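Asker: Just one file: final02.pdb, with PDB, C-alpha atoms.
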```pdb
ATOM      1  CA  MET A   1       0.000   0.000   0.000
ATOM      2  CA  VAL A   2       1.370   3.388  -1.058
ATOM      3  CA  GLU A   3       0.358   6.343   1.113
ATOM      4  CA  ALA A   4       0.753  10.033   0.364
ATOM      5  CA  SER A   5      -0.145  13.455   1.693
ATOM      6  CA  LEU A   6      -2.489  15.795  -0.153
ATOM      7  CA  ILE A   7      -2.828  19.571   0.123
ATOM      8  CA  VAL A   8      -5.850  21.185  -1.524
ATOM      9  CA  SER A   9      -5.528  24.884  -2.276
ATOM     10  CA  PRO A  10      -8.793  26.886  -2.210
ATOM     11  CA  SER A  11      -7.992  28.217  -5.697
ATOM     12  CA  LYS A  12      -5.475  28.000  -8.524
ATOM     13  CA  GLU A  13      -4.285  31.526  -7.648
ATOM     14  CA  GLU A  14      -3.405  30.447  -4.105
ATOM     15  CA  LEU A  15      -1.733  27.186  -5.102
ATOM     16  CA  PRO A  16       1.767  28.680  -5.607
ATOM     17  CA  SER A  17       1.912  29.754  -1.952
ATOM     18  CA  PHE A  18       1.337  26.138  -0.824
ATOM     19  CA  LEU A  19       3.835  24.800  -3.363
ATOM     20  CA  ASN A  20       6.529  27.332  -2.596
ATOM     21  CA  ALA A  21       6.170  26.844   1.161
ATOM     22  CA  GLU A  22       6.940  23.135   0.705
ATOM     23  CA  VAL A  23       9.935  23.877  -1.528
ATOM     24  CA  ILE A  24      11.309  26.354   1.004
ATOM     25  CA  LYS A  25      10.827  23.845   3.822
ATOM     26  CA  ALA A  26      12.727  21.162   1.897
ATOM     27  CA  SER A  27      15.480  23.639   1.004
ATOM     28  CA  LYS A  28      16.032  24.694   4.619
ATOM     29  CA  LYS A  29      16.073  21.098   5.838
ATOM     30  CA  ALA A  30      18.618  19.996   3.225
ATOM     31  CA  ILE A  31      20.913  22.981   3.700
ATOM     32  CA  ALA A  32      20.878  22.514   7.477
ATOM     33  CA  ALA A  33      21.785  18.842   7.049
ATOM     34  CA  ARG A  34      24.213  18.911   4.106
ATOM     35  CA  ASN A  35      24.911  22.585   3.243
ATOM     36  CA  ALA A  36      23.310  22.082  -0.184
ATOM     37  CA  PHE A  37      19.879  21.569  -1.729
ATOM     38  CA  THR A  38      19.401  19.372  -4.782
ATOM     39  CA  ILE A  39      16.109  19.763  -6.650
ATOM     40  CA  ALA A  40      14.742  18.436  -9.949
ATOM     41  CA  LEU A  41      12.096  20.516 -11.707
ATOM     42  CA  SER A  42       9.672  19.816 -14.539
ATOM     43  CA  GLY A  43       8.276  22.299 -17.045
ATOM     44  CA  GLY A  44       4.667  22.935 -18.014
ATOM     45  CA  SER A  45       2.924  25.255 -15.568
ATOM     46  CA  LEU A  46       5.425  24.626 -12.768
ATOM     47  CA  PRO A  47       7.887  27.410 -13.690
ATOM     48  CA  SER A  48       5.039  29.940 -13.487
ATOM     49  CA  PHE A  49       3.918  28.583 -10.114
ATOM     50  CA  LEU A  50       7.496  28.849  -8.839
ATOM     51  CA  SER A  51       7.978  32.410 -10.094
ATOM     52  CA  SER A  52       6.776  33.887  -6.782
ATOM     53  CA  LEU A  53       9.260  31.789  -4.789
ATOM     54  CA  PRO A  54      11.831  34.607  -4.307
ATOM     55  CA  SER A  55       9.277  36.764  -2.456
ATOM     56  CA  MET A  56       7.766  33.975  -0.348
ATOM     57  CA  SER A  57      10.043  33.685   2.674
ATOM     58  CA  GLU A  58      10.554  36.202   5.468
ATOM     59  CA  ASN A  59      14.127  34.951   5.760
ATOM     60  CA  PRO A  60      16.387  35.037   2.709
ATOM     61  CA  ILE A  61      16.421  31.764   0.782
ATOM     62  CA  MET A  62      19.978  30.485   0.380
ATOM     63  CA  PHE A  63      19.755  30.087  -3.384
ATOM     64  CA  ASP A  64      23.544  29.929  -3.677
ATOM     65  CA  LYS A  65      23.318  26.468  -2.077
ATOM     66  CA  TRP A  66      20.817  25.167  -4.661
ATOM     67  CA  HIS A  67      21.671  22.652  -7.379
ATOM     68  CA  VAL A  68      18.939  22.495 -10.032
ATOM     69  CA  LEU A  69      18.432  19.440 -12.231
ATOM     70  CA  LEU A  70      15.768  18.824 -14.859
ATOM     71  CA  ALA A  71      13.140  16.156 -14.166
ATOM     72  CA  ASP A  72      12.733  15.932 -17.919
ATOM     73  CA  GLU A  73      13.733  17.950 -20.934
ATOM     74  CA  ARG A  74      12.797  18.208 -24.572
ATOM     75  CA  CYS A  75      15.705  17.636 -26.967
ATOM     76  CA  VAL A  76      15.741  21.213 -28.221
ATOM     77  CA  PRO A  77      18.053  24.188 -27.577
ATOM     78  CA  SER A  78      17.394  26.010 -24.300
ATOM     79  CA  THR A  79      16.430  29.069 -26.370
ATOM     80  CA  ASP A  80      13.543  27.131 -27.936
ATOM     81  CA  ASP A  81      10.020  27.810 -26.665
ATOM     82  CA  ASP A  82       9.643  24.086 -25.900
ATOM     83  CA  SER A  83      12.663  23.942 -23.587
ATOM     84  CA  ASN A  84      11.912  23.307 -19.914
ATOM     85  CA  LEU A  85      15.210  24.902 -18.947
ATOM     86  CA  GLY A  86      14.350  27.956 -21.019
ATOM     87  CA  SER A  87      11.017  28.274 -19.239
ATOM     88  CA  LEU A  88      12.642  27.851 -15.840
ATOM     89  CA  ARG A  89      15.225  30.504 -16.666
ATOM     90  CA  GLU A  90      12.544  32.958 -17.746
ATOM     91  CA  LYS A  91      10.124  32.388 -14.863
ATOM     92  CA  LEU A  92      12.424  31.576 -11.922
ATOM     93  CA  LEU A  93      16.162  31.270 -12.434
ATOM     94  CA  SER A  94      16.586  34.803 -13.796
ATOM     95  CA  LYS A  95      15.130  36.137 -10.530
ATOM     96  CA  VAL A  96      17.351  34.294  -8.058
ATOM     97  CA  SER A  97      21.039  33.980  -7.249
ATOM     98  CA  ILE A  98      21.655  30.334  -8.123
ATOM     99  CA  PRO A  99      25.117  30.155  -9.739
ATOM    100  CA  GLU A 100      24.867  29.193 -13.404
ATOM    101  CA  SER A 101      27.335  26.359 -12.726
ATOM    102  CA  GLN A 102      24.724  24.855 -10.362
ATOM    103  CA  VAL A 103      21.970  24.715 -12.990
ATOM    104  CA  TYR A 104      22.360  21.546 -15.020
ATOM    105  CA  GLY A 105      20.951  21.486 -18.541
ATOM    106  CA  ILE A 106      21.428  18.946 -21.293
ATOM    107  CA  ASN A 107      24.438  18.868 -23.610
ATOM    108  CA  GLU A 108      22.991  20.823 -26.526
ATOM    109  CA  SER A 109      25.997  20.082 -28.737
ATOM    110  CA  LYS A 110      24.634  16.524 -29.120
ATOM    111  CA  LEU A 111      21.203  17.584 -30.398
ATOM    112  CA  LYS A 112      22.026  17.140 -34.078
ATOM    113  CA  GLU A 113      23.890  13.852 -33.648
ATOM    114  CA  GLU A 114      22.280  10.730 -35.100
ATOM    115  CA  ASN A 115      21.840   9.148 -31.657
ATOM    116  CA  GLY A 116      21.521  12.493 -29.918
ATOM    117  CA  PRO A 117      18.755  11.727 -27.372
ATOM    118  CA  SER A 118      20.457   8.482 -26.310
ATOM    119  CA  MET A 119      23.829  10.202 -25.833
ATOM    120  CA  ILE A 120      22.220  13.164 -24.065
ATOM    121  CA  ALA A 121      20.424  10.812 -21.642
ATOM    122  CA  ASP A 122      23.644   8.887 -20.918
ATOM    123  CA  GLU A 123      25.520  12.121 -20.197
ATOM    124  CA  TYR A 124      22.713  13.543 -18.103
ATOM    125  CA  GLU A 125      22.563  10.408 -15.978
ATOM    126  CA  ASP A 126      26.267  10.917 -15.244
ATOM    127  CA  VAL A 127      25.533  14.539 -14.323
ATOM    128  CA  VAL A 128      22.726  13.511 -11.954
ATOM    129  CA  LYS A 129      24.935  10.927 -10.251
ATOM    130  CA  LYS A 130      27.803  13.389  -9.866
ATOM    131  CA  VAL A 131      25.595  16.135  -8.420
ATOM    132  CA  ILE A 132      23.805  14.023  -5.861
ATOM    133  CA  ASN A 133      26.916  12.093  -4.837
ATOM    134  CA  GLU A 134      28.976  15.250  -4.368
ATOM    135  CA  HIS A 135      26.332  17.447  -2.764
ATOM    136  CA  SER A 136      23.494  15.320  -1.434
ATOM    137  CA  ASP A 137      24.804  12.047   0.043
ATOM    138  CA  GLY A 138      23.613  10.005  -2.917
ATOM    139  CA  LYS A 139      19.961  11.082  -2.990
ATOM    140  CA  LEU A 140      18.102  13.965  -4.596
ATOM    141  CA  ASP A 141      16.419  16.133  -1.959
ATOM    142  CA  LEU A 142      13.263  17.022  -3.867
ATOM    143  CA  ALA A 143      11.606  16.362  -7.224
ATOM    144  CA  VAL A 144       8.806  18.758  -8.188
ATOM    145  CA  LEU A 145       6.698  17.188 -10.903
ATOM    146  CA  GLY A 146       3.577  18.037 -12.857
ATOM    147  CA  ILE A 147       0.503  16.028 -13.761
ATOM    148  CA  GLY A 148      -0.550  15.930 -17.415
ATOM    149  CA  PRO A 149      -4.206  15.763 -18.475
ATOM    150  CA  ASP A 150      -3.482  12.223 -19.684
ATOM    151  CA  GLY A 151      -1.889  11.287 -16.348
ATOM    152  CA  HIS A 152       1.723  11.524 -17.533
ATOM    153  CA  THR A 153       4.503  12.942 -15.398
ATOM    154  CA  CYS A 154       8.029  13.913 -16.427
ATOM    155  CA  SER A 155       8.127  12.401 -19.914
ATOM    156  CA  LEU A 156       6.642   9.116 -18.723
ATOM    157  CA  PHE A 157       3.471   8.595 -20.732
ATOM    158  CA  PRO A 158       0.620   6.092 -20.283
ATOM    159  CA  GLY A 159       1.238   2.761 -22.009
ATOM    160  CA  HIS A 160       4.824   3.596 -23.013
ATOM    161  CA  SER A 161       7.652   1.088 -22.624
ATOM    162  CA  LEU A 162       9.636   3.576 -20.493
ATOM    163  CA  LEU A 163       7.266   2.790 -17.633
ATOM    164  CA  ASP A 164       8.987  -0.608 -17.410
ATOM    165  CA  GLU A 165      12.515   0.805 -17.058
ATOM    166  CA  SER A 166      14.025  -0.833 -13.976
ATOM    167  CA  GLU A 167      17.671   0.259 -13.856
ATOM    168  CA  ARG A 168      18.399   3.556 -15.560
ATOM    169  CA  TRP A 169      18.108   6.870 -13.665
ATOM    170  CA  VAL A 170      17.763   8.884 -16.873
ATOM    171  CA  THR A 171      16.527   7.584 -20.190
ATOM    172  CA  TYR A 172      15.284   8.923 -23.506
ATOM    173  CA  ILE A 173      12.136   8.813 -25.594
ATOM    174  CA  MET A 174      11.969   9.190 -29.377
ATOM    175  CA  ASP A 175       8.201   8.967 -29.825
ATOM    176  CA  SER A 176       6.558  11.146 -27.196
ATOM    177  CA  PRO A 177       2.810  11.366 -27.869
ATOM    178  CA  LYS A 178       3.086  15.024 -26.942
ATOM    179  CA  PRO A 179       5.409  17.135 -29.127
ATOM    180  CA  PRO A 180       8.298  17.504 -29.370
ATOM    181  CA  PRO A 181       8.829  13.738 -29.738
ATOM    182  CA  GLU A 182      12.466  13.488 -28.577
ATOM    183  CA  ARG A 183      13.076  13.957 -24.857
ATOM    184  CA  ILE A 184      14.995  12.731 -21.827
ATOM    185  CA  THR A 185      13.446  11.967 -18.459
ATOM    186  CA  LEU A 186      14.126  10.793 -14.934
ATOM    187  CA  THR A 187      12.789   7.285 -14.339
ATOM    188  CA  PHE A 188      10.709   5.509 -11.693
ATOM    189  CA  PRO A 189      13.767   3.736 -10.182
ATOM    190  CA  PHE A 190      15.445   7.080  -9.534
ATOM    191  CA  LEU A 191      12.307   8.832  -8.267
ATOM    192  CA  ASN A 192      11.387   5.890  -6.023
ATOM    193  CA  ASP A 193      14.738   4.948  -4.540
ATOM    194  CA  TYR A 194      17.143   7.864  -4.936
ATOM    195  CA  THR A 195      14.894  10.830  -4.162
ATOM    196  CA  ARG A 196      14.070  11.907  -0.622
ATOM    197  CA  LYS A 197      10.743  13.531  -1.466
ATOM    198  CA  VAL A 198       8.515  13.715  -4.547
ATOM    199  CA  LEU A 199       6.039  16.566  -4.835
ATOM    200  CA  PHE A 200       3.330  16.569  -7.494
ATOM    201  CA  CYS A 201       1.578  19.777  -8.409
ATOM    202  CA  GLY A 202      -1.572  19.963 -10.524
ATOM    203  CA  ALA A 203      -4.049  22.771 -11.114
ATOM    204  CA  GLY A 204      -7.168  23.280 -13.163
ATOM    205  CA  SER A 205     -10.272  21.252 -13.924
ATOM    206  CA  SER A 206      -8.469  19.149 -16.566
ATOM    207  CA  LYS A 207      -6.611  17.347 -13.739
ATOM    208  CA  ALA A 208      -9.752  16.531 -11.718
ATOM    209  CA  PRO A 209     -10.651  13.264 -13.552
ATOM    210  CA  ILE A 210      -7.074  12.012 -13.104
ATOM    211  CA  LEU A 211      -6.997  12.861  -9.401
ATOM    212  CA  ARG A 212     -10.329  11.163  -8.769
ATOM    213  CA  GLU A 213      -8.920   7.949 -10.238
ATOM    214  CA  ILE A 214      -5.542   7.756  -8.505
ATOM    215  CA  PHE A 215      -6.658   7.876  -4.852
ATOM    216  CA  SER A 216      -8.464   4.887  -3.328
ATOM    217  CA  LYS A 217      -8.956   6.513   0.081
ATOM    218  CA  VAL A 218      -8.887  10.149   1.225
ATOM    219  CA  THR A 219      -8.916  11.155   4.895
ATOM    220  CA  LYS A 220      -9.151  14.788   6.002
ATOM    221  CA  ASN A 221      -6.343  15.854   8.327
ATOM    222  CA  GLY A 222      -6.804  19.628   8.758
ATOM    223  CA  ASP A 223      -8.120  22.626   6.864
ATOM    224  CA  SER A 224      -6.311  21.925   3.583
ATOM    225  CA  ASN A 225      -4.532  18.697   4.446
ATOM    226  CA  TYR A 226      -5.463  15.107   3.699
ATOM    227  CA  GLU A 227      -3.894  11.675   3.927
ATOM    228  CA  VAL A 228      -4.487   9.448   0.904
ATOM    229  CA  VAL A 229      -3.959   5.863  -0.167
ATOM    230  CA  MET A 230      -2.909   5.414  -3.785
ATOM    231  CA  LYS A 231      -4.923   3.094  -5.998
ATOM    232  CA  ASP A 232      -3.240  -0.222  -6.771
ATOM    233  CA  PRO A 233      -2.564  -1.002  -9.528
ATOM    234  CA  PRO A 234      -1.907   2.632 -10.431
ATOM    235  CA  PRO A 235      -4.023   3.803 -13.380
ATOM    236  CA  TYR A 236      -1.572   6.484 -14.570
ATOM    237  CA  PRO A 237       2.161   7.227 -14.527
ATOM    238  CA  CYS A 238       1.611  10.118 -12.089
ATOM    239  CA  ALA A 239       0.308   7.560  -9.589
ATOM    240  CA  SER A 240       3.049   5.010 -10.186
ATOM    241  CA  ILE A 241       5.767   6.567  -8.038
ATOM    242  CA  LYS A 242       6.148   4.663  -4.774
ATOM    243  CA  ASN A 243       8.415   7.075  -2.927
ATOM    244  CA  LYS A 244       8.032   6.898   0.856
ATOM    245  CA  ASN A 245       7.681  10.690   1.071
ATOM    246  CA  LEU A 246       5.025  11.599  -1.476
ATOM    247  CA  LEU A 247       2.998  14.828  -1.578
ATOM    248  CA  TYR A 248       0.303  16.024  -3.983
ATOM    249  CA  ILE A 249      -0.635  19.734  -4.111
ATOM    250  CA  VAL A 250      -3.733  20.541  -6.134
ATOM    251  CA  ASP A 251      -6.401  23.223  -6.304
ATOM    252  CA  LYS A 252     -10.052  22.810  -5.433
ATOM    253  CA  ASP A 253     -11.106  22.659  -9.095
TER     254      ASP A 253
END
```
Please re-express this file's structure in structure tokens.

Answerer:
Amino acid sequence: MVEASLIVSPSKEELPSFLNAEVIKASKKAIAARNAFTIALSGGSLPSFLSSLPSMSENPIMFDKWHVLLADERCVPSTDDDSNLGSLREKLLSKVSIPESQVYGINESKLKEENGPSMIADEYEDVVKKVINEHSDGKLDLAVLGIGPDGHTCSLFPGHSLLDESERWVTYIMDSPKPPPERITLTFPFLNDYTRKVLFCGAGSSKAPILREIFSKVTKNGDSNYEVVMKDPPPYPCASIKNKNLLYIVDKD
């Protein structure tokens, strides 16, 4: 049985305050323990939700201790509109003092190579291992992931063979059902076993049918807080992560 926590924001507009509070909490805990904070971020609406992060805390956030990895990335230049890193730079990274050397994008020089996505995934797996081994005692502190209207998360799509990956930490996809088709992504083995906490964030009515299907039991535990039991077998990739520290933040819609 997989259990998780659930926070329900009264509205989509208020959701970023709940999300950012959890990110700040994880950052402070990691920095106090290891003098660094390792975080993996997805794209989609998450960069916009995180854009208010710099103004959230009464005490200065120690962004110089952050190490930012990508939970998934499209195999495009970071200047492309489809790039998750590009979106993160525009909405968040340009507003904070994270050293550029501590923001880890893909090797864009491999994009035009024949086996580009495969080589990029191999290199990025090495980057992930190096970052978390050097700065985070072998585990990522926090992954902040989205929920697609089809139930996908990262670039792990329903019915795709990548859902069966059992060893790799980072792999690639050549046939994403959502464009662009070529991407790299963190995998279930990494998110389950080498990540201290996984936080899902979903907003808007398009996510409601997915959320209704992934929880088998919901118990109220405060004004906005609930404890949930995940449905087994999981109906969607976003419900397939079995991390022991799992949190969903959604809005009331």

Asker: Here is a test: counting all atoms listed in the file, which residue of A:Lys95, A:Lys129, A:Lys244, A:Lys25 is nearest to Lys197 of chain A?

Answerer: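 Smallest separation from Lys197 of chain A among the options: A:Lys244.
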
Asker: Excluding segment 238-241 of chain A and any residue of its chain fewer than 5 positions from it, enumerate the residues within 8 Å of it, using only C-alpha atoms, and give them as a ChimeraX atom specification.

Answerer: /A:147,151-153,188,191-192,214,230-231

Asker: Which residue, A:Ser78, A:Ser176, A:Ser136, A:Ser9, has the smallest gap to Leu162 of chain A when you use all atoms listed in the file?

Answerer: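 Counting all atoms listed in the file, the residue closest to Leu162 of chain A is A:Ser176.
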
Asker: Exactly which residues make up the result of the PyMOL selection byres ((chain A and resi 222) around 12) on this file, given as a PyMOL selection string?

Answerer: chain A and resi 5-8+219-221+223-227

Asker: Which residues fall under the PyMOL selection byres ((chain A and resi 42) around 7) in this file, as a list of chain:residue names?

Answerer: A:Ala40, A:Leu41, A:Gly43, A:Gly44, A:Leu46, A:Leu70, A:Ala71, A:Asp72, A:Asn84, A:Val144, A:Leu145, A:Gly146, A:Cys154
